[in-house]
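Participant: Here you go, this is coords13.cif (mmCIF, C-alpha atoms and all ligand atoms).
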```
data_coords
loop_
_atom_site.label_atom_id
_atom_site.label_comp_id
_atom_site.auth_asym_id
_atom_site.auth_seq_id
_atom_site.Cartn_x
_atom_site.Cartn_y
_atom_site.Cartn_z
CA MET A 189 -9.56 22.00 5.75
CA SER A 190 -12.85 20.42 6.83
CA ALA A 191 -12.92 17.36 9.10
CA SER A 192 -14.47 15.29 6.34
CA GLU A 193 -12.03 16.32 3.63
CA PRO A 194 -9.82 13.42 2.53
CA VAL A 195 -6.14 13.70 3.32
CA LEU A 196 -5.28 12.12 -0.03
CA GLU A 197 -7.27 12.02 -3.27
CA VAL A 198 -5.76 10.29 -6.26
CA SER A 199 -7.77 10.37 -9.49
CA GLY A 200 -6.97 8.84 -12.86
CA LEU A 201 -3.36 8.24 -11.85
CA THR A 202 -1.40 6.83 -14.76
CA LYS A 203 2.28 5.97 -14.95
CA HIS A 204 3.89 4.60 -18.10
CA PHE A 205 7.57 3.85 -18.63
CA ASP A 206 9.25 3.81 -22.02
CA VAL A 207 11.33 0.71 -22.66
CA PRO A 208 14.61 1.50 -24.52
CA ARG A 209 14.89 0.13 -28.06
CA SER A 210 17.97 -1.84 -27.01
CA ARG A 211 15.63 -3.82 -24.76
CA GLY A 212 12.90 -4.34 -27.29
CA GLY A 213 11.09 -0.99 -27.06
CA GLY A 214 7.47 -0.41 -26.09
CA VAL A 215 5.69 1.14 -23.14
CA VAL A 216 5.20 -0.40 -19.70
CA HIS A 217 1.65 0.36 -18.52
CA ALA A 218 2.53 0.19 -14.82
CA VAL A 219 -0.50 2.13 -13.55
CA ASP A 220 -3.58 3.04 -15.59
CA GLY A 221 -6.32 5.32 -14.27
CA VAL A 222 -6.14 4.57 -10.54
CA ASP A 223 -8.46 6.37 -8.07
CA ILE A 224 -7.70 6.23 -4.34
CA THR A 225 -8.84 8.25 -1.36
CA VAL A 226 -7.47 8.16 2.17
CA GLY A 227 -9.53 9.84 4.89
CA GLN A 228 -8.29 11.47 8.06
CA GLY A 229 -6.89 8.91 10.48
CA GLU A 230 -7.60 6.06 8.06
CA ILE A 231 -5.21 3.21 7.35
CA VAL A 232 -5.89 2.14 3.79
CA GLY A 233 -4.41 -1.00 2.25
CA LEU A 234 -3.25 -1.34 -1.35
CA VAL A 235 -2.73 -5.01 -2.19
CA GLY A 236 -1.83 -7.09 -5.20
CA GLU A 237 0.78 -9.46 -6.57
CA SER A 238 4.17 -8.21 -7.62
CA GLY A 239 3.77 -6.41 -10.96
CA SER A 240 0.34 -5.05 -10.03
CA GLY A 241 1.64 -1.46 -9.93
CA LYS A 242 1.05 -0.84 -6.24
CA SER A 243 4.58 0.37 -5.43
CA THR A 244 4.52 2.63 -8.49
CA VAL A 245 1.34 4.23 -7.14
CA ALA A 246 3.07 4.81 -3.79
CA ARG A 247 6.13 6.37 -5.44
CA CYS A 248 3.99 8.69 -7.54
CA ILE A 249 2.13 9.87 -4.44
CA VAL A 250 5.33 10.86 -2.63
CA ARG A 251 6.61 12.28 -5.94
CA LEU A 252 9.59 9.98 -6.30
CA LEU A 253 8.07 9.35 -9.73
CA GLU A 254 6.44 11.87 -12.03
CA PRO A 255 2.92 10.73 -12.99
CA THR A 256 2.20 10.38 -16.71
CA ALA A 257 -1.37 11.57 -16.16
CA GLY A 258 -3.96 12.02 -13.43
CA ARG A 259 -4.20 14.12 -10.31
CA ILE A 260 -2.86 13.78 -6.76
CA ARG A 261 -4.33 16.04 -4.10
CA LEU A 262 -3.04 16.34 -0.56
CA HIS A 263 -5.47 18.14 1.77
CA GLY A 264 -7.22 19.42 -1.35
CA LYS A 265 -4.05 20.88 -2.88
CA ASP A 266 -2.93 19.56 -6.26
CA ILE A 267 0.60 18.17 -5.87
CA SER A 268 0.69 16.20 -9.14
CA HIS A 269 3.40 18.34 -10.69
CA VAL A 270 4.74 20.24 -7.72
CA SER A 271 8.14 21.96 -8.21
CA ARG A 272 11.34 21.00 -6.38
CA ARG A 273 10.78 23.92 -4.04
CA GLY A 274 7.21 22.83 -3.39
CA MET A 275 8.53 19.37 -2.59
CA ARG A 276 10.29 20.74 0.47
CA SER A 277 7.12 21.72 2.25
CA LEU A 278 5.43 18.61 0.93
CA ARG A 279 7.97 16.42 2.74
CA ARG A 280 6.67 17.79 6.04
CA GLN A 281 3.21 16.49 5.28
CA VAL A 282 3.86 13.18 3.58
CA HIS A 283 6.61 10.69 4.27
CA MET A 284 7.43 7.22 3.04
CA VAL A 285 8.68 4.09 4.76
CA PHE A 286 10.50 1.78 2.39
CA GLN A 287 10.44 -1.96 2.04
CA ASP A 288 14.10 -2.54 2.63
CA PRO A 289 15.41 -1.08 5.89
CA TYR A 290 18.91 -2.27 4.89
CA SER A 291 19.25 0.04 1.91
CA SER A 292 17.03 2.96 2.94
CA LEU A 293 19.34 4.13 5.75
CA ASP A 294 22.74 5.72 5.14
CA PRO A 295 25.27 3.20 6.55
CA ARG A 296 27.78 5.98 7.42
CA THR A 297 25.37 8.01 9.52
CA PRO A 298 24.58 7.24 13.16
CA VAL A 299 20.93 6.65 14.06
CA GLY A 300 20.60 9.94 15.97
CA ASP A 301 21.65 11.95 12.89
CA ILE A 302 19.40 9.92 10.59
CA VAL A 303 16.36 10.79 12.69
CA ALA A 304 17.52 14.38 13.23
CA GLU A 305 18.08 15.08 9.53
CA PRO A 306 14.45 16.00 8.64
CA LEU A 307 14.27 18.32 11.68
CA ARG A 308 17.43 20.15 10.65
CA MET A 309 16.59 20.19 6.95
CA HIS A 310 13.22 21.84 7.55
CA GLY A 311 14.51 24.15 10.28
CA ILE A 312 12.01 22.68 12.75
CA ALA A 313 14.44 22.41 15.66
CA ARG A 314 17.91 23.60 16.63
CA GLY A 315 20.57 22.79 19.19
CA ARG A 316 19.40 20.83 22.18
CA ASP A 317 15.86 20.77 20.95
CA VAL A 318 16.96 18.46 18.11
CA GLY A 319 18.41 15.97 20.60
CA ARG A 320 15.31 16.11 22.75
CA ARG A 321 12.95 15.47 19.83
CA VAL A 322 15.13 12.68 18.47
CA GLY A 323 15.16 11.04 21.91
CA GLU A 324 11.37 11.29 22.17
CA MET A 325 10.89 9.84 18.71
CA LEU A 326 13.26 6.95 19.36
CA GLU A 327 11.38 6.19 22.54
CA ARG A 328 8.07 6.22 20.66
CA VAL A 329 9.33 3.57 18.26
CA GLY A 330 10.66 1.44 21.11
CA LEU A 331 14.38 2.24 20.83
CA SER A 332 16.52 3.30 23.76
CA ALA A 333 18.45 6.59 23.83
CA ASP A 334 21.83 4.85 23.43
CA MET A 335 20.74 3.73 19.94
CA ARG A 336 21.43 7.22 18.61
CA ARG A 337 25.17 6.53 18.52
CA ARG A 338 24.84 3.21 16.71
CA TYR A 339 25.15 2.72 12.95
CA PRO A 340 22.54 0.95 10.81
CA HIS A 341 24.78 -2.08 10.17
CA GLU A 342 24.94 -2.70 13.92
CA LEU A 343 21.16 -3.10 14.14
CA SER A 344 18.81 -5.99 13.41
CA GLY A 345 16.30 -5.67 10.54
CA GLY A 346 13.45 -4.92 12.95
CA ARG A 347 15.42 -2.16 14.68
CA ARG A 348 16.39 -0.63 11.35
CA GLN A 349 12.75 -0.47 10.35
CA ARG A 350 11.99 1.23 13.68
CA VAL A 351 14.66 3.82 12.81
CA GLY A 352 13.01 4.21 9.37
CA LEU A 353 9.68 4.85 11.08
CA ALA A 354 11.23 7.33 13.48
CA ARG A 355 12.79 9.26 10.59
CA SER A 356 9.50 9.25 8.67
CA LEU A 357 7.38 10.39 11.60
CA VAL A 358 9.66 12.85 13.39
CA LEU A 359 8.13 15.81 11.50
CA GLY A 360 4.60 14.66 12.37
CA PRO A 361 3.37 14.14 8.79
CA SER A 362 -0.35 13.86 8.13
CA LEU A 363 0.19 11.00 5.66
CA LEU A 364 2.53 8.03 5.89
CA VAL A 365 3.02 5.96 2.74
CA ALA A 366 4.38 2.57 3.76
CA ASP A 367 5.66 0.43 0.88
CA GLU A 368 5.79 -3.20 2.06
CA PRO A 369 7.53 -2.15 5.28
CA VAL A 370 7.59 -5.63 6.80
CA SER A 371 8.07 -7.94 3.83
CA ALA A 372 11.88 -7.91 4.10
CA LEU A 373 11.75 -8.76 7.82
CA ASP A 374 11.80 -12.13 9.57
CA VAL A 375 8.35 -13.45 10.31
CA SER A 376 9.13 -13.26 14.02
CA VAL A 377 9.58 -9.47 13.99
CA ARG A 378 6.83 -8.59 11.50
CA ALA A 379 4.08 -8.65 14.10
CA SER A 380 5.98 -6.29 16.40
CA ILE A 381 6.46 -3.73 13.61
CA ILE A 382 2.81 -4.00 12.51
CA ASN A 383 1.67 -3.45 16.11
CA LEU A 384 4.05 -0.51 16.37
CA VAL A 385 2.57 1.13 13.24
CA LEU A 386 -0.90 0.68 14.72
CA ASP A 387 0.13 2.16 18.09
CA LEU A 388 1.90 5.10 16.44
CA GLN A 389 -1.11 5.81 14.24
CA ARG A 390 -3.45 5.85 17.23
CA ASP A 391 -1.04 8.01 19.16
CA MET A 392 -0.12 10.50 16.43
CA GLY A 393 -3.28 10.39 14.31
CA PHE A 394 -1.66 10.30 10.87
CA SER A 395 -3.34 8.69 7.87
CA CYS A 396 -1.59 5.81 6.17
CA LEU A 397 -1.51 4.17 2.77
CA PHE A 398 -0.14 0.70 3.44
CA VAL A 399 1.15 -1.16 0.38
CA ALA A 400 1.42 -4.93 0.80
CA HIS A 401 1.05 -8.28 -0.87
CA ASP A 402 0.37 -10.04 2.43
CA LEU A 403 -3.37 -10.02 3.03
CA SER A 404 -3.15 -11.11 6.66
CA THR A 405 -1.22 -7.95 7.50
CA VAL A 406 -3.70 -5.78 5.64
CA GLU A 407 -6.65 -7.44 7.36
CA PHE A 408 -5.13 -6.78 10.76
CA LEU A 409 -4.11 -3.20 10.12
CA CYS A 410 -6.36 -1.50 7.58
CA ASN A 411 -9.81 0.13 7.68
CA ARG A 412 -10.32 -0.07 3.91
CA VAL A 413 -8.60 -2.01 1.18
CA TYR A 414 -7.93 -1.47 -2.54
CA VAL A 415 -7.02 -4.51 -4.64
CA THR A 416 -4.83 -3.92 -7.72
CA TYR A 417 -4.25 -6.09 -10.74
CA LEU A 418 -1.96 -5.12 -13.62
CA GLY A 419 -2.22 -1.39 -13.01
CA HIS A 420 -5.98 -1.27 -12.37
CA ILE A 421 -8.02 -1.16 -9.16
CA VAL A 422 -10.32 -4.20 -9.37
CA GLU A 423 -12.04 -3.99 -5.98
CA VAL A 424 -12.30 -1.64 -3.02
CA GLY A 425 -14.24 -1.90 0.19
CA SER A 426 -14.14 -1.78 3.96
CA ARG A 427 -11.92 -4.44 5.46
CA ASP A 428 -14.90 -6.40 6.79
CA ARG A 429 -16.86 -6.35 3.54
CA LEU A 430 -13.90 -7.19 1.39
CA PHE A 431 -12.57 -10.02 3.55
CA ASP A 432 -15.97 -11.51 4.41
CA ALA A 433 -17.52 -11.32 0.96
CA PRO A 434 -15.03 -10.55 -1.81
CA ARG A 435 -16.71 -9.88 -5.16
CA HIS A 436 -13.98 -9.82 -7.76
CA PRO A 437 -12.65 -13.23 -8.84
CA TYR A 438 -9.07 -12.00 -8.38
CA THR A 439 -9.74 -10.96 -4.78
CA GLN A 440 -11.42 -14.31 -4.18
CA SER A 441 -8.35 -16.14 -5.43
CA LEU A 442 -6.00 -14.03 -3.28
CA LEU A 443 -8.09 -14.67 -0.17
CA SER A 444 -8.34 -18.38 -0.86
CA ALA A 445 -4.55 -18.55 -0.36
CA VAL A 446 -4.64 -16.97 3.12
CA ALA A 447 -4.23 -19.54 5.91
CA LEU A 448 -7.22 -19.68 8.26
CA PRO A 449 -6.75 -19.99 12.01
CA ASP A 450 -9.48 -22.67 12.24
CA PRO A 451 -8.02 -26.00 10.97
CA ARG A 452 -11.50 -27.33 10.09
CA LEU A 453 -12.32 -24.33 7.88
CA GLN A 454 -8.85 -24.51 6.40
CA ARG A 455 -9.41 -28.17 5.45
CA GLU A 456 -12.81 -27.46 3.94
CA ARG A 457 -11.83 -24.49 1.89
CA ARG A 458 -10.92 -24.88 -1.74
CA ARG A 459 -7.94 -22.90 -2.94
CA VAL A 460 -8.37 -21.10 -6.25
CA VAL A 461 -5.07 -21.40 -8.08
CA LEU A 462 -4.79 -19.03 -11.01
CA PRO A 463 -3.12 -20.28 -14.18
CA GLY A 464 0.11 -18.58 -15.31
CA ASP A 465 1.71 -15.37 -14.13
CA VAL A 466 0.59 -11.77 -14.25
CA PRO A 467 0.77 -10.85 -17.99
CA SER A 468 3.33 -8.36 -19.25
CA PRO A 469 2.36 -4.74 -18.58
CA ILE A 470 3.96 -3.88 -21.94
CA GLU A 471 1.00 -5.42 -23.73
CA PRO A 472 -1.75 -5.76 -21.12
CA PRO A 473 -4.74 -7.91 -22.13
CA SER A 474 -7.70 -6.16 -23.75
CA GLY A 475 -11.07 -5.76 -22.02
CA CYS A 476 -10.80 -6.98 -18.43
CA ARG A 477 -7.07 -7.30 -17.79
CA PHE A 478 -7.75 -10.36 -15.64
CA HIS A 479 -9.50 -12.33 -18.40
CA THR A 480 -6.45 -14.43 -19.33
CA ARG A 481 -6.42 -15.96 -15.83
CA CYS A 482 -9.99 -15.62 -14.65
CA PRO A 483 -11.69 -18.96 -13.89
CA VAL A 484 -15.15 -17.63 -14.81
CA ALA A 485 -14.39 -15.32 -17.73
CA GLU A 486 -17.11 -15.07 -20.37
CA PHE A 487 -16.16 -14.51 -23.97
CA PRO A 488 -16.21 -12.33 -25.91
CA LEU A 489 -17.59 -9.98 -23.22
CA CYS A 490 -14.60 -10.08 -20.85
CA ARG A 491 -12.04 -9.88 -23.64
CA GLU A 492 -13.69 -6.90 -25.34
CA GLN A 493 -15.18 -4.66 -22.66
CA VAL A 494 -13.32 -3.02 -19.81
CA PRO A 495 -15.44 -3.46 -16.64
CA GLU A 496 -16.13 -0.29 -14.63
CA LEU A 497 -15.52 -0.15 -10.90
CA VAL A 498 -19.15 -0.28 -9.77
CA GLU A 499 -20.77 0.16 -6.35
CA HIS A 500 -23.65 -2.31 -6.36
CA THR A 501 -25.06 -2.07 -2.85
CA GLY A 502 -24.59 1.52 -1.68
CA ASP A 503 -21.92 0.64 0.89
CA ARG A 504 -18.81 1.94 -0.92
CA HIS A 505 -17.90 -1.67 -1.77
CA ARG A 506 -17.01 -1.58 -5.48
CA ALA A 507 -15.79 -4.19 -7.92
CA ALA A 508 -14.79 -4.11 -11.58
CA CYS A 509 -16.28 -7.32 -12.94
CA HIS A 510 -19.00 -7.87 -15.56
CA LEU A 511 -20.35 -10.87 -13.66
CA VAL A 512 -21.02 -9.28 -10.27
CA GLY A 513 -24.82 -9.21 -9.89
CA THR A 514 -26.79 -5.99 -9.49
CA ASP A 515 -27.34 -7.06 -5.86
CA GLY A 516 -23.54 -7.36 -5.39
CA ARG A 517 -23.51 -11.16 -5.65
CA ALA A 518 -20.05 -12.37 -6.62
CA PRO A 519 -19.43 -14.87 -9.42
CA ASP A 520 -18.69 -18.31 -7.98
CA VAL A 521 -15.06 -19.12 -8.75
CA SER A 522 -15.06 -22.20 -6.50
CA GLY A 523 -16.90 -24.30 -9.08
CA GLY A 524 -19.68 -24.95 -6.57
CA ALA A 525 -17.30 -26.46 -4.01
CA ASP A 526 -17.15 -25.57 -0.35
CA PRO A 527 -16.61 -22.14 1.10
CA LEU A 528 -14.07 -20.01 -0.58
CA VAL A 529 -14.89 -16.91 1.36
CA HIS A 530 -12.55 -15.90 4.12
CA HIS A 531 -13.76 -16.32 7.69
CA GLN A 532 -11.91 -14.49 10.39
CA THR A 533 -12.32 -15.78 13.92
FE1 LIG B 1 -13.39 -12.45 -14.81
FE2 LIG B 1 -14.79 -11.26 -16.72
FE3 LIG B 1 -15.10 -10.52 -14.19
FE4 LIG B 1 -12.88 -9.94 -15.51
S1 LIG B 1 -14.92 -9.17 -15.96
S2 LIG B 1 -13.02 -10.73 -13.47
S3 LIG B 1 -12.62 -11.75 -16.77
S4 LIG B 1 -15.60 -12.50 -15.07
#
```
Represent the supplied structure as structure tokens.
Ligand code: SF4
Facilitator:
Amino acid sequence: MSASEPVLEVSGLTKHFDVPRSRGGGVVHAVDGVDITVGQGEIVGLVGESGSGKSTVARCIVRLLEPTAGRIRLHGKDISHVSRRGMRSLRRQVHMVFQDPYSSLDPRTPVGDIVAEPLRMHGIARGRDVGRRVGEMLERVGLSADMRRRYPHELSGGRRQRVGLARSLVLGPSLLVADEPVSALDVSVRASIINLVLDLQRDMGFSCLFVAHDLSTVEFLCNRVYVTYLGHIVEVGSRDRLFDAPRHPYTQSLLSAVALPDPRLQRERRRVVLPGDVPSPIEPPSGCRFHTRCPVAEFPLCREQVPELVEHTGDRHRAACHLVGTDGRAPDVSGGADPLVHHQT
């Protein structure tokens, strides 16, 4: 494996679900042709509203879901349709942290055994060595040694998520897929978990795909960001480019809802409120899937032609919108009002 080889390459990932006839029939187009790369040591964000398909992408990558089409490569190896046996060695390289720390831990198993389970299952450690490694891992996630005898229901939400992180990282995976790991937590403990993920990543060097709907978290944590809408990637760029000068109208609307630390800028900024909800993925809109809610859609162009994800300025910042200029200039969704663009202080 070369130093520049991506840890994860997802290309054309598609996941459809059949809806039973008893519930009206049809096909849910949860994810359609998604491309994502995660480099070594990168923390990459995947953001979008609920229903955008981001969690489905995460579950396909860790093979909790079978992709309908497309390819998933881990360190260059195709894992798209890996067998059950192949999954075993895969689990050593890629692990997932779930959104809900309450339901992702077995309530009848003490913390020490929860964290030890991957070590035993993969035959990585035996006897006292298991206890030593569990103790080290608990310490890394900020939990004391006496936690190993406690049960999940005895712990706060933040501590349970620390246990979830310890279990996911005890094998030293090269890729961590984190599916909204802080959204079920109290606001007061979110920051501590986010800081912990950042510290652990620096310390252990794993790559991370961080799925979230909260843009502030993504801005703090991630090097690059993908924005999803109704199963498509609509924009991708470095954190700075994407947050300072978003190009896609959907990204602009998401960022306009993020509270700014400067009260003056917050007062001046105009929020872009999108009409309606995300359309049904059973019958996604034609052309640009965002056209039914886009404040600057042009017809019939946007209804009839699917926009490609295009890099306009040679800086790996890409957007899928017919109205982005050849120089990368974004369409103005603010209606000429004051700054819409996000300013981080
Ligand atoms: Fe809006 Fe059209 Fe751009 Fe889609 S392609 S985001 S509908 S302007």
Participant: Rounded to one decimal, what separation in Å do you get between atom CA of Pro194 of chain A and atom CA of Ile224 of chain A?
Facilitator: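 These two atoms are separated by 10.2 Å.
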Participant: Hey, what's within 8 Å of segment 294-304 of chain A if we count all atoms listed in the file and toss same-chain stuff fewer than 2 positions away? As number ranges by chain, please?
Facilitator: A: 291-292, 306-308, 318-319, 322, 335-341, 351, 354-355, 358
Participant: Please provide as a PDB file with C-alpha atoms, in the coordinates of the input all residues within 8 Å of Ser371 of chain A, with the sequence filter that same-chain residues fewer than 3 positions apart are discarded (counting all atoms listed in the file).
Facilitator:
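Output (result-v9.pdb):
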```
ATOM      1  CA  GLN A 287      10.440  -1.960   2.040  1.00  0.00           C
ATOM      2  CA  GLU A 368       5.790  -3.200   2.060  1.00  0.00           C
ATOM      3  CA  ARG A 378       6.830  -8.590  11.500  1.00  0.00           C
ATOM      4  CA  ALA A 400       1.420  -4.930   0.800  1.00  0.00           C
TER       5      ALA A 400
END
```
Participant: Might you pull out every residue within 10 Å of segment 250-255 of chain A, with all atoms listed in the file counted and same-chain residues fewer than 4 positions away left off, and present them as a list in words?
Facilitator: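 Selected residues are Leu201, Thr202, Lys203, His204, Val219, Thr244, Val245, Ala246, Arg259, Ile260, Ile267, Ser268, His269, Val270, Arg272, Met275, Leu278, Arg279, Gln281, Val282, His283, Met284, Leu363, Leu364 and Val365 of chain A.
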Participant: Taking all atoms listed in the file into account, which residues are within 10 Å of ligand LIG 1 (chain B), as a PyMOL selection string?
Facilitator: chain A and resi 422+435-439+475-496+507-512+518-521
Participant: Between atom CA of Asp387 of chain A and atom CA of His263 of chain A, what is the spacing in Å?
Facilitator: 23.5 Å
Participant: Between atom CA of Phe431 of chain A and atom CA of Leu403 of chain A, measure the distance and give it in Å to one decimal.
Facilitator: 9.2 Å
Participant: Pick out the closest residue to Leu343 of chain A from this set: A:Leu293, A:Lys265, A:Gly393, A:Arg517. Count all atoms listed in the file.
Facilitator: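 Counting all atoms listed in the file, the residue closest to Leu343 of chain A is A:Leu293.
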Participant: Give me the residues near Ser404 of chain A as a list in words, where near means some atom within 9 Å (using all atoms listed in the file) and where sequence neighbours in that chain fewer than 5 positions away do not count.
Facilitator: Leu409, Val446 and Ala447 of chain A
